[in-house]
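Colleague: Next up, input_8.txt (compact mmCIF, C-alpha atoms and all ligand atoms).
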```
# COMPACT_ATOMS: atom_id res chain seq x y z
CA MET A 221 81.34 -1.22 52.19
CA ARG A 222 83.18 1.49 54.01
CA THR A 223 82.67 0.48 57.60
CA PRO A 224 84.05 -3.09 57.42
CA LEU A 225 87.15 -1.79 55.67
CA LEU A 226 87.76 0.76 58.37
CA VAL A 227 87.30 -1.86 61.07
CA ALA A 228 89.73 -4.12 59.27
CA ALA A 229 92.31 -1.35 59.04
CA PHE A 230 91.89 -0.55 62.73
CA THR A 231 92.25 -4.20 63.72
CA LEU A 232 95.42 -4.46 61.64
CA THR A 233 96.94 -1.41 63.31
CA LEU A 234 96.08 -2.80 66.71
CA ALA A 235 97.55 -6.20 65.83
CA ALA A 236 100.75 -4.57 64.70
CA GLN A 237 101.10 -2.78 68.01
CA VAL A 238 100.22 -5.75 70.17
CA GLY A 239 102.34 -8.17 68.17
CA GLY A 240 105.48 -6.13 68.89
CA GLN A 241 106.29 -5.73 65.25
CA PRO A 242 108.76 -3.09 64.18
CA PRO A 243 107.41 0.41 64.72
CA PRO A 244 106.11 2.21 61.66
CA LYS A 245 108.82 3.88 59.63
CA PRO A 246 109.34 7.56 60.42
CA PRO A 247 107.69 9.83 57.89
CA VAL A 248 109.85 10.31 54.81
CA ALA A 249 111.05 13.86 54.43
CA ASP A 250 109.23 14.73 51.24
CA PRO A 251 109.95 18.24 50.08
CA PRO A 252 107.25 20.20 51.90
CA LYS A 253 104.21 21.05 49.83
CA PRO A 254 104.42 24.78 49.09
CA LEU A 255 102.13 26.57 51.47
CA LYS A 256 99.26 28.44 49.84
CA LEU A 257 95.80 29.62 50.73
CA PRO A 258 92.82 27.80 49.17
CA ASP A 259 91.85 28.98 45.67
CA GLY A 260 89.89 32.20 45.73
CA ILE A 261 90.99 33.16 49.25
CA THR A 262 93.16 36.24 49.63
CA PRO A 263 94.53 37.60 52.94
CA ASP A 264 92.14 40.57 52.77
CA LYS A 265 89.16 38.17 52.83
CA LEU A 266 90.25 36.92 56.26
CA THR A 267 89.22 39.91 58.37
CA ASP A 268 86.19 38.01 59.65
CA LYS A 269 87.12 35.59 62.44
CA LYS A 270 84.54 32.98 61.41
CA GLU A 271 85.75 32.98 57.82
CA ALA A 272 89.35 32.69 59.04
CA ALA A 273 88.41 29.70 61.24
CA ARG A 274 86.67 28.06 58.25
CA VAL A 275 89.84 28.48 56.17
CA ALA A 276 91.87 27.05 59.09
CA ASP A 277 89.70 23.88 58.93
CA LEU A 278 90.40 23.62 55.20
CA MET A 279 94.14 24.12 55.71
CA GLU A 280 94.26 21.42 58.40
CA LYS A 281 92.82 18.93 55.90
CA GLU A 282 95.06 20.13 53.08
CA TYR A 283 98.24 20.02 55.21
CA PRO A 284 97.96 16.97 57.49
CA GLU A 285 100.53 16.20 60.21
CA PRO A 286 103.47 16.24 60.22
CA ARG A 287 103.12 19.87 59.20
CA SER A 288 105.81 22.28 58.19
CA GLU A 289 106.47 25.10 60.68
CA ALA A 290 104.98 27.58 58.21
CA ALA A 291 101.74 25.56 57.91
CA LYS A 292 101.52 25.38 61.72
CA MET A 293 101.95 29.13 61.95
CA LEU A 294 99.38 29.88 59.25
CA ILE A 295 96.77 27.68 60.94
CA ALA A 296 97.51 29.30 64.32
CA ILE A 297 97.11 32.79 62.79
CA LEU A 298 93.81 31.80 61.19
CA ARG A 299 92.66 30.59 64.61
CA GLY A 300 93.45 33.97 66.15
CA SER A 301 97.10 33.73 67.29
CA GLN A 302 98.51 37.19 67.89
CA LEU A 303 102.09 35.96 67.70
CA ASP A 304 102.81 36.00 71.41
CA GLY A 305 105.25 33.11 71.09
CA SER A 306 102.98 30.50 72.66
CA ASP A 307 101.78 28.70 69.53
CA GLY A 308 102.37 28.12 65.82
CA TRP A 309 106.00 27.78 64.87
CA PHE A 310 107.58 29.04 68.08
CA GLY A 311 109.56 26.39 69.84
CA PRO A 312 112.63 25.96 72.01
CA ALA A 313 116.22 26.21 70.85
CA GLU A 314 117.99 23.08 69.65
CA SER A 315 121.44 22.42 71.03
CA ARG A 316 123.97 19.63 70.80
CA VAL A 317 125.63 21.00 73.91
CA ASN A 318 122.95 20.79 76.61
CA TRP A 319 122.50 19.61 80.18
CA ALA A 320 122.70 15.89 79.35
CA TRP A 321 125.86 16.51 77.32
CA LEU A 322 127.51 18.56 80.06
CA ALA A 323 126.60 16.08 82.82
CA GLU A 324 128.11 13.19 80.85
CA ARG A 325 131.26 15.19 80.13
CA SER A 326 131.58 16.08 83.80
CA LYS A 327 130.93 12.45 84.83
CA VAL A 328 127.90 13.50 86.87
CA ASP A 329 124.55 11.72 86.94
CA PRO A 330 122.20 14.09 85.07
CA LYS A 331 119.46 13.24 87.62
CA ASP A 332 121.68 14.22 90.59
CA LYS A 333 120.16 17.40 92.04
CA LYS A 334 123.57 18.53 93.36
CA GLY A 335 124.64 19.23 89.79
CA ILE A 336 128.20 19.89 88.67
CA GLY A 337 130.62 21.40 91.15
CA LYS A 338 133.69 23.48 90.28
CA GLU A 339 135.98 20.49 90.77
CA GLN A 340 134.01 18.35 88.32
CA PHE A 341 133.70 20.97 85.60
CA ARG A 342 136.16 20.73 82.70
CA GLY A 343 136.73 24.34 81.76
CA THR A 344 137.81 27.69 83.16
CA ALA A 345 136.38 29.40 86.25
CA GLU A 346 134.98 32.09 83.97
CA GLN A 347 133.18 29.49 81.85
CA PHE A 348 131.83 27.91 85.02
CA GLY A 349 130.42 31.30 86.01
CA HIS A 350 128.53 31.64 82.71
CA LEU A 351 126.92 28.22 83.16
CA ASP A 352 126.12 28.61 86.88
CA ARG A 353 123.43 31.15 86.03
CA ASN A 354 122.09 31.61 89.58
CA GLY A 355 125.58 31.74 91.06
CA ASP A 356 125.04 29.12 93.78
CA GLY A 357 128.32 27.36 93.09
CA ALA A 358 126.92 24.43 91.10
CA ILE A 359 125.76 24.03 87.51
CA THR A 360 122.36 22.36 87.58
CA GLU A 361 119.75 21.56 84.95
CA ALA A 362 117.83 24.68 86.08
CA ASP A 363 120.82 26.92 85.25
CA LEU A 364 120.57 25.74 81.63
CA ASP A 365 116.76 25.91 81.41
CA TRP A 366 115.66 28.62 78.97
CA SER A 367 112.05 27.48 78.64
CA SER A 368 109.23 29.79 79.65
CA LYS A 369 108.70 27.61 82.77
CA SER A 370 111.98 28.86 84.25
CA SER A 371 111.44 31.67 86.75
CA TYR A 372 114.70 33.26 85.59
CA VAL A 373 113.39 33.34 82.00
CA MET A 374 110.02 34.70 83.12
CA GLN A 375 111.65 37.48 85.12
CA SER A 376 114.10 38.27 82.30
CA GLY A 377 111.24 38.49 79.83
CA MET A 378 109.38 40.97 82.03
CA LEU A 379 112.50 43.02 82.66
CA ASN A 380 113.35 43.11 78.96
CA GLN A 381 109.87 44.45 78.19
CA LEU A 382 110.12 47.03 80.94
CA PHE A 383 113.55 48.04 79.72
CA ARG A 384 112.25 48.56 76.19
CA ARG A 385 109.41 50.72 77.44
CA MET A 386 111.85 52.89 79.36
CA ASP A 387 114.31 53.03 76.46
CA GLN A 388 112.69 55.95 74.65
CA GLY A 389 115.53 56.15 72.10
CA GLY A 390 114.85 52.52 71.08
CA ASP A 391 118.55 51.68 70.79
CA GLY A 392 118.76 49.12 73.59
CA ARG A 393 120.62 51.52 75.89
CA LEU A 394 119.03 53.32 78.79
CA THR A 395 120.59 56.72 79.46
CA ARG A 396 120.42 59.06 82.44
CA GLU A 397 118.38 61.49 80.32
CA GLU A 398 115.86 58.78 79.50
CA LEU A 399 115.53 57.91 83.17
CA ASP A 400 115.11 61.62 84.02
CA THR A 401 112.38 62.02 81.40
CA LEU A 402 110.59 58.97 82.76
CA PHE A 403 110.91 60.25 86.32
CA LYS A 404 109.39 63.62 85.38
CA ARG A 405 106.56 61.96 83.48
CA LEU A 406 105.66 59.68 86.39
CA ALA A 407 106.36 61.97 89.34
CA LYS A 408 104.69 65.04 87.72
CA ASP A 409 104.97 67.79 90.40
CA ARG A 410 106.05 65.46 93.23
CA ASP A 411 109.57 64.41 94.27
CA HIS A 412 108.80 60.70 93.82
CA PHE A 413 106.60 58.22 92.02
CA THR A 414 104.85 55.16 93.43
CA ALA A 415 104.55 51.52 92.38
CA ASP A 416 101.03 52.36 91.19
CA ASP A 417 102.32 55.16 88.92
CA PHE A 418 104.98 52.80 87.62
CA ARG A 419 102.55 49.97 86.78
CA ARG A 420 100.13 52.37 85.07
CA ALA A 421 102.93 53.69 82.89
CA MET A 422 104.60 50.38 82.11
CA ILE A 423 101.83 47.84 81.59
CA PRO A 424 100.21 48.43 78.18
CA ARG A 425 96.47 48.82 78.25
CA GLY A 426 95.83 47.70 74.66
CA PRO A 427 94.48 44.29 73.56
CA MET A 428 96.74 41.28 74.30
CA GLY A 429 99.34 43.49 75.90
CA PHE A 430 100.12 45.37 72.69
CA SER A 431 100.53 49.13 72.82
CA PRO A 432 97.52 50.88 71.26
CA GLY A 433 97.52 50.49 67.47
CA ASP A 434 100.12 47.71 67.47
CA ALA A 435 97.90 44.61 67.73
CA PRO A 436 98.00 42.80 64.37
CA THR A 437 94.99 41.82 62.25
CA ILE A 438 94.68 38.40 60.62
CA PRO A 439 95.22 39.75 57.05
CA MET A 440 98.31 41.62 58.26
CA LEU A 441 99.81 38.47 59.78
CA VAL A 442 98.93 36.26 56.80
CA LYS A 443 100.62 38.74 54.45
CA GLY A 444 103.58 39.00 56.84
CA LEU A 445 103.90 35.21 56.87
CA PHE A 446 103.89 34.83 53.08
CA GLY A 447 106.22 37.83 52.80
CA ASN A 448 108.77 36.23 55.18
CA GLU A 449 108.42 39.27 57.47
CA ILE A 450 107.04 37.70 60.62
CA GLY A 451 109.57 34.92 60.04
CA SER A 452 111.21 32.79 57.38
CA MET A 453 108.91 30.23 55.78
CA THR A 454 111.92 27.86 55.70
CA GLU A 455 113.23 26.04 58.79
CA GLY A 456 117.02 26.28 58.55
CA PRO A 457 119.66 23.61 59.25
CA LYS A 458 119.19 21.21 62.13
CA VAL A 459 121.67 20.83 64.94
CA GLY A 460 124.55 18.59 63.81
CA GLU A 461 124.10 19.49 60.16
CA GLN A 462 126.67 21.34 58.10
CA ALA A 463 126.10 25.10 58.32
CA PRO A 464 125.10 26.36 54.85
CA ASP A 465 127.78 28.56 53.32
CA PHE A 466 127.12 32.12 52.21
CA THR A 467 129.07 35.03 50.79
CA LEU A 468 127.65 38.48 51.52
CA ASN A 469 128.90 42.04 51.34
CA THR A 470 129.61 44.37 54.22
CA PRO A 471 127.33 47.46 54.15
CA ASP A 472 130.08 49.65 52.64
CA GLY A 473 130.48 47.13 49.81
CA GLN A 474 134.23 47.07 50.45
CA ASN A 475 134.48 43.54 51.81
CA THR A 476 132.80 40.19 51.59
CA VAL A 477 131.99 37.82 54.43
CA GLN A 478 132.22 34.16 53.47
CA LEU A 479 131.17 31.78 56.21
CA SER A 480 133.32 28.84 55.05
CA LYS A 481 136.43 31.04 55.38
CA LEU A 482 135.58 31.84 59.00
CA VAL A 483 134.92 28.25 60.03
CA GLY A 484 137.94 26.35 61.32
CA SER A 485 139.86 27.01 64.49
CA LYS A 486 137.14 28.90 66.37
CA PRO A 487 133.37 28.60 66.75
CA VAL A 488 131.36 31.11 64.71
CA VAL A 489 128.31 32.87 66.15
CA LEU A 490 125.77 34.03 63.58
CA VAL A 491 123.39 36.78 64.63
CA PHE A 492 120.39 37.44 62.36
CA GLY A 493 118.42 40.64 62.84
CA ASN A 494 116.94 43.79 61.36
CA PHE A 495 116.25 47.44 62.18
CA THR A 496 112.47 47.33 62.62
CA CYS A 497 112.35 44.38 65.03
CA GLY A 498 112.05 46.14 68.42
CA PRO A 499 112.92 43.16 70.62
CA PHE A 500 116.01 42.57 68.49
CA ARG A 501 117.16 46.18 68.89
CA GLY A 502 116.54 45.92 72.63
CA LEU A 503 118.71 42.81 72.96
CA TYR A 504 121.41 43.57 70.40
CA PRO A 505 123.68 45.14 73.06
CA ASP A 506 123.43 41.86 74.99
CA VAL A 507 124.85 40.04 71.97
CA GLU A 508 127.66 42.55 71.81
CA ALA A 509 128.42 42.00 75.50
CA VAL A 510 128.73 38.27 74.80
CA ALA A 511 130.95 39.04 71.80
CA ARG A 512 133.21 41.27 73.92
CA ARG A 513 133.60 38.55 76.56
CA HIS A 514 134.56 35.91 73.99
CA LYS A 515 136.17 37.94 71.21
CA GLU A 516 139.48 36.07 71.41
CA SER A 517 137.93 32.64 71.20
CA ALA A 518 135.01 32.97 68.76
CA THR A 519 134.06 34.85 65.59
CA PHE A 520 130.85 36.89 65.56
CA VAL A 521 128.97 37.96 62.43
CA MET A 522 125.66 39.75 62.17
CA VAL A 523 123.61 39.05 59.05
CA TYR A 524 121.28 41.94 58.28
CA VAL A 525 117.95 40.49 57.05
CA ARG A 526 114.46 41.44 55.82
CA GLU A 527 112.52 43.99 57.88
CA ALA A 528 110.02 42.59 60.39
CA HIS A 529 107.89 45.72 60.83
CA PRO A 530 108.16 47.88 57.71
CA THR A 531 105.78 50.83 57.41
CA ASP A 532 104.07 49.00 54.51
CA GLY A 533 103.58 45.82 56.58
CA TRP A 534 102.87 45.20 60.28
CA LYS A 535 103.74 48.76 61.23
CA MET A 536 104.46 49.33 64.92
CA GLN A 537 103.62 52.54 66.80
CA GLN A 538 106.36 51.50 69.21
CA ASN A 539 108.81 51.95 66.34
CA THR A 540 107.27 55.19 65.08
CA ARG A 541 107.58 56.71 68.55
CA VAL A 542 111.34 56.14 68.54
CA GLY A 543 111.76 57.31 64.94
CA VAL A 544 112.30 53.83 63.51
CA GLU A 545 110.54 53.87 60.15
CA ALA A 546 111.39 52.09 56.92
CA LYS A 547 109.51 50.55 54.01
CA GLN A 548 110.36 46.98 53.08
CA PRO A 549 113.36 47.34 50.74
CA THR A 550 112.76 46.02 47.23
CA THR A 551 116.37 46.33 46.04
CA TYR A 552 119.70 45.48 47.60
CA ASP A 553 120.70 49.17 47.69
CA GLU A 554 117.52 50.01 49.59
CA ARG A 555 118.33 47.29 52.12
CA VAL A 556 121.81 48.73 52.56
CA GLU A 557 120.18 52.14 53.20
CA VAL A 558 117.94 50.74 55.96
CA CYS A 559 120.96 48.92 57.36
CA GLU A 560 122.66 52.34 57.50
CA GLN A 561 119.76 53.66 59.61
CA PHE A 562 120.27 50.64 61.87
CA ARG A 563 123.99 51.40 62.13
CA LYS A 564 123.35 55.04 62.93
CA LEU A 565 120.98 54.20 65.79
CA ILE A 566 122.61 51.08 67.22
CA ARG A 567 126.31 51.67 66.39
CA PRO A 568 127.04 47.93 66.08
CA GLU A 569 130.57 46.69 66.65
CA LEU A 570 130.03 43.24 65.14
CA THR A 571 131.05 42.52 61.57
CA LEU A 572 127.95 43.18 59.49
CA ALA A 573 126.97 41.31 56.34
CA VAL A 574 123.90 42.44 54.40
CA ASP A 575 121.72 39.64 53.06
CA GLY A 576 120.80 39.71 49.36
CA ILE A 577 117.39 41.11 48.47
CA THR A 578 116.06 37.59 47.78
CA ASP A 579 117.20 36.64 51.33
CA PRO A 580 119.63 33.79 50.48
CA ALA A 581 121.19 33.61 53.96
CA GLY A 582 117.99 34.48 55.83
CA THR A 583 116.21 31.68 53.96
CA ALA A 584 119.00 29.13 54.35
CA TYR A 585 119.12 29.72 58.12
CA SER A 586 115.47 30.66 58.75
CA GLY A 587 117.01 33.83 60.08
CA MET A 588 114.02 36.19 59.93
CA PRO A 589 113.15 38.20 61.95
CA ALA A 590 116.01 37.39 64.35
CA ARG A 591 117.88 34.25 65.33
CA LEU A 592 121.16 33.01 66.80
CA TYR A 593 123.44 30.13 65.80
CA VAL A 594 126.67 28.69 67.15
CA ILE A 595 128.69 26.87 64.48
CA ASP A 596 131.43 24.58 65.82
CA PRO A 597 134.96 24.50 64.37
CA ALA A 598 133.97 21.56 62.15
CA GLY A 599 131.37 23.78 60.50
CA LYS A 600 128.42 21.97 62.08
CA VAL A 601 125.49 23.63 63.82
CA ALA A 602 126.01 23.22 67.60
CA TYR A 603 123.19 25.54 68.68
CA LYS A 604 120.17 27.01 66.92
CA SER A 605 117.99 29.40 68.87
CA GLY A 606 114.23 29.32 68.66
CA ARG A 607 112.61 31.70 66.18
CA GLY A 608 112.85 35.37 67.01
CA PRO A 609 111.78 37.45 68.69
CA PHE A 610 110.78 35.01 71.48
CA GLY A 611 113.58 32.52 70.87
CA PHE A 612 116.23 35.24 70.61
CA LYS A 613 118.10 34.64 73.89
CA PRO A 614 121.68 35.93 73.97
CA GLY A 615 122.21 34.33 77.42
CA GLU A 616 121.25 30.91 76.11
CA MET A 617 123.54 31.41 73.10
CA GLU A 618 126.41 32.34 75.43
CA GLN A 619 126.00 29.15 77.43
CA ALA A 620 125.98 27.09 74.21
CA LEU A 621 129.07 28.96 73.03
CA VAL A 622 130.86 28.38 76.36
CA MET A 623 130.13 24.63 76.19
CA THR A 624 131.29 24.52 72.56
CA LEU A 625 134.49 26.35 73.59
CA SER A 626 135.21 23.96 76.45
CA GLU A 627 134.73 21.07 74.02
CA THR A 628 137.04 22.69 71.45
CA ALA A 629 139.72 23.23 74.11
CA ALA A 630 139.47 19.63 75.30
CA GLU A 631 139.82 18.35 71.73
CA LYS A 632 142.88 20.51 71.13
CA GLU A 633 144.46 19.17 74.35
CA LYS A 634 143.72 15.63 73.30
CA ALA A 635 145.25 16.20 69.87
CA THR A 636 148.39 17.71 71.44
CA ALA A 637 148.69 14.82 73.90
CA GLU A 638 148.40 12.27 71.09
CA LYS A 639 151.17 13.96 69.14
CA LYS A 640 153.61 13.59 72.06
CA CA B 701 123.60 27.17 89.84
```
Give the structure from the file, written as structure tokens.
Ligand SMILES: [Ca+2]
Modeller:
Amino acid sequence: MRTPLLVAAFTLTLAAQVGGQPPPKPPVADPPKPLKLPDGITPDKLTDKKEAARVADLMEKEYPEPRSEAAKMLIAILRGSQLDGSDGWFGPAESRVNWAWLAERSKVDPKDKKGIGKEQFRGTAEQFGHLDRNGDGAITEADLDWSSKSSYVMQSGMLNQLFRRMDQGGDGRLTREELDTLFKRLAKDRDHFTADDFRRAMIPRGPMGFSPGDAPTIPMLVKGLFGNEIGSMTEGPKVGEQAPDFTLNTPDGQNTVQLSKLVGSKPVVLVFGNFTCGPFRGLYPDVEAVARRHKESATFVMVYVREAHPTDGWKMQQNTRVGVEAKQPTTYDERVEVCEQFRKLIRPELTLAVDGITDPAGTAYSGMPARLYVIDPAGKVAYKSGRGPFGFKPGEMEQALVMTLSETAAEKEKATAEKK
């Protein structure tokens, strides 16, 4: 009985396609089925790779496409992903203000290789400079490309890693003393070191490029996933959607930060991050540099979220070496204490808001372990970075902010002109 039915179903599908009938309706956004491991399976039973792969097969059947990001990540972990950013839930940023948008605004054919010249760009010379990433006098699609195919992004990624390995204090700032220490370590009793010495010191020799002891196990990652440590299980608002409101306290408990009160005349940049996420610490000063450049025209808030690498989770030797150690807080006061450690090391200048212990803001925005948003003056999401740490790209955020600012300025001009 089964075969003829299947054939009939196949023929029907084919007929529908050939007959040019309306395409099938897009999948209805049912509330996602809560992600859970099969009955009787606990993370600790997943040490064996074969067993993990068997569970991955079961999960694929249980959670058919279209899958939630969390289901994709769990299946990737069970199949051996080491969270290098290439699979699972890692994807590109989403932005309303992108190359196609800018080309249209500048009345330039997006396919034209010449790109947008200074005379066609509607914005300030400074803004032009931020968008013309390679400084060749034209804004092209390549200047706005933040995918891993871009040679600029590849080189930045390597340099960021190198920088973090040289930054022995782990605060995202490389001092003369740190450079001296590195020089002595590499040069030993000579007055120089060579490229060979440098490579040996800087390229980790552990599995998958992790420093020894830092490569995660499958049980560790599965626990980290369900604990919202390797990332939020939720997905956050989409570009164009209203930014969810939140009210959080500053670390000293003296003030509150309410997003809806900040939204209005200026774009708002939300920066999600935590103390134990090394890549976040390494790039935090970049965010502050962006904030300093645009402090008059945008509002910046950092939301302090759940720890990514607590000592009772996916503990990192890289953190231990720089004295970054904290258990996952279980109360709000404990989170404030870890946030104080973060403040002591990083000395952040941005307004800080500490997320509640049940992660209301981190969950609403899918902010763990680190993420960036640009909210436009209408309170809508203009830019949402990819998931941290790989999607955490302050340079990409700055370009999105600059485009949002040039749009805001143009709208203000238009409104003024209409009044007259
Ligand atoms: Ca360029």
Colleague: Taking into account all atoms listed in the file, which residue in the set A:Gln375, A:Thr360, A:Thr262, A:Asn448 is nearest to ligand CA 701 (chain B)?
Modeller: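 Distance minimum relative to ligand CA 701 (chain B) lands on A:Thr360.
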Colleague: Fewer than 2 positions away in the same chain doesn't count, so skip those; otherwise give me all residues within 12 Å of Ala435 in chain A, counting all atoms listed in the file, as a PDB file with C-alpha atoms, in the coordinates of the input.
Modeller:
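Contents of part25.pdb, freshly written:
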```pdb
ATOM      1  CA  GLY A 300      93.450  33.970  66.150  1.00  0.00           C
ATOM      2  CA  SER A 301      97.100  33.730  67.290  1.00  0.00           C
ATOM      3  CA  GLN A 302      98.510  37.190  67.890  1.00  0.00           C
ATOM      4  CA  LEU A 303     102.090  35.960  67.700  1.00  0.00           C
ATOM      5  CA  ASP A 304     102.810  36.000  71.410  1.00  0.00           C
ATOM      6  CA  PRO A 424     100.210  48.430  78.180  1.00  0.00           C
ATOM      7  CA  ARG A 425      96.470  48.820  78.250  1.00  0.00           C
ATOM      8  CA  GLY A 426      95.830  47.700  74.660  1.00  0.00           C
ATOM      9  CA  PRO A 427      94.480  44.290  73.560  1.00  0.00           C
ATOM     10  CA  MET A 428      96.740  41.280  74.300  1.00  0.00           C
ATOM     11  CA  GLY A 429      99.340  43.490  75.900  1.00  0.00           C
ATOM     12  CA  PHE A 430     100.120  45.370  72.690  1.00  0.00           C
ATOM     13  CA  SER A 431     100.530  49.130  72.820  1.00  0.00           C
ATOM     14  CA  PRO A 432      97.520  50.880  71.260  1.00  0.00           C
ATOM     15  CA  GLY A 433      97.520  50.490  67.470  1.00  0.00           C
ATOM     16  CA  THR A 437      94.990  41.820  62.250  1.00  0.00           C
ATOM     17  CA  ILE A 438      94.680  38.400  60.620  1.00  0.00           C
ATOM     18  CA  MET A 440      98.310  41.620  58.260  1.00  0.00           C
ATOM     19  CA  LEU A 441      99.810  38.470  59.780  1.00  0.00           C
ATOM     20  CA  TRP A 534     102.870  45.200  60.280  1.00  0.00           C
ATOM     21  CA  LYS A 535     103.740  48.760  61.230  1.00  0.00           C
ATOM     22  CA  MET A 536     104.460  49.330  64.920  1.00  0.00           C
ATOM     23  CA  GLN A 537     103.620  52.540  66.800  1.00  0.00           C
ATOM     24  CA  GLN A 538     106.360  51.500  69.210  1.00  0.00           C
TER      25      GLN A 538
END
```
Colleague: Using all atoms listed in the file, find each protein or nucleic acid residue lying at most 12 Å from ligand CA 701 (chain B); present the set as JSON, numbers by chain.
Modeller: {"A": [333, 334, 335, 336, 337, 338, 348, 349, 350, 351, 352, 353, 354, 355, 356, 357, 358, 359, 360, 361, 362, 363, 364, 365, 372]}
Colleague: List as number ranges by chain the protein and nucleic acid residues near Arg299 in chain A, meaning an atom at most 10 Å away when all atoms listed in the file are counted, but skip any in the same chain fewer than 6 places from it.
Modeller: A: 269-277, 293, 438
Colleague: So, counting all atoms listed in the file, which residue among A:Tyr283, A:Phe520, A:Phe403, A:Phe495 is closest to Arg555 in chain A?
Modeller: A:Phe495
Colleague: In Å to one decimal, how far is CA of Ser306 in chain A from CA of Ala291 in chain A?
Modeller: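 Between these atoms lies a distance of 15.6 Å.
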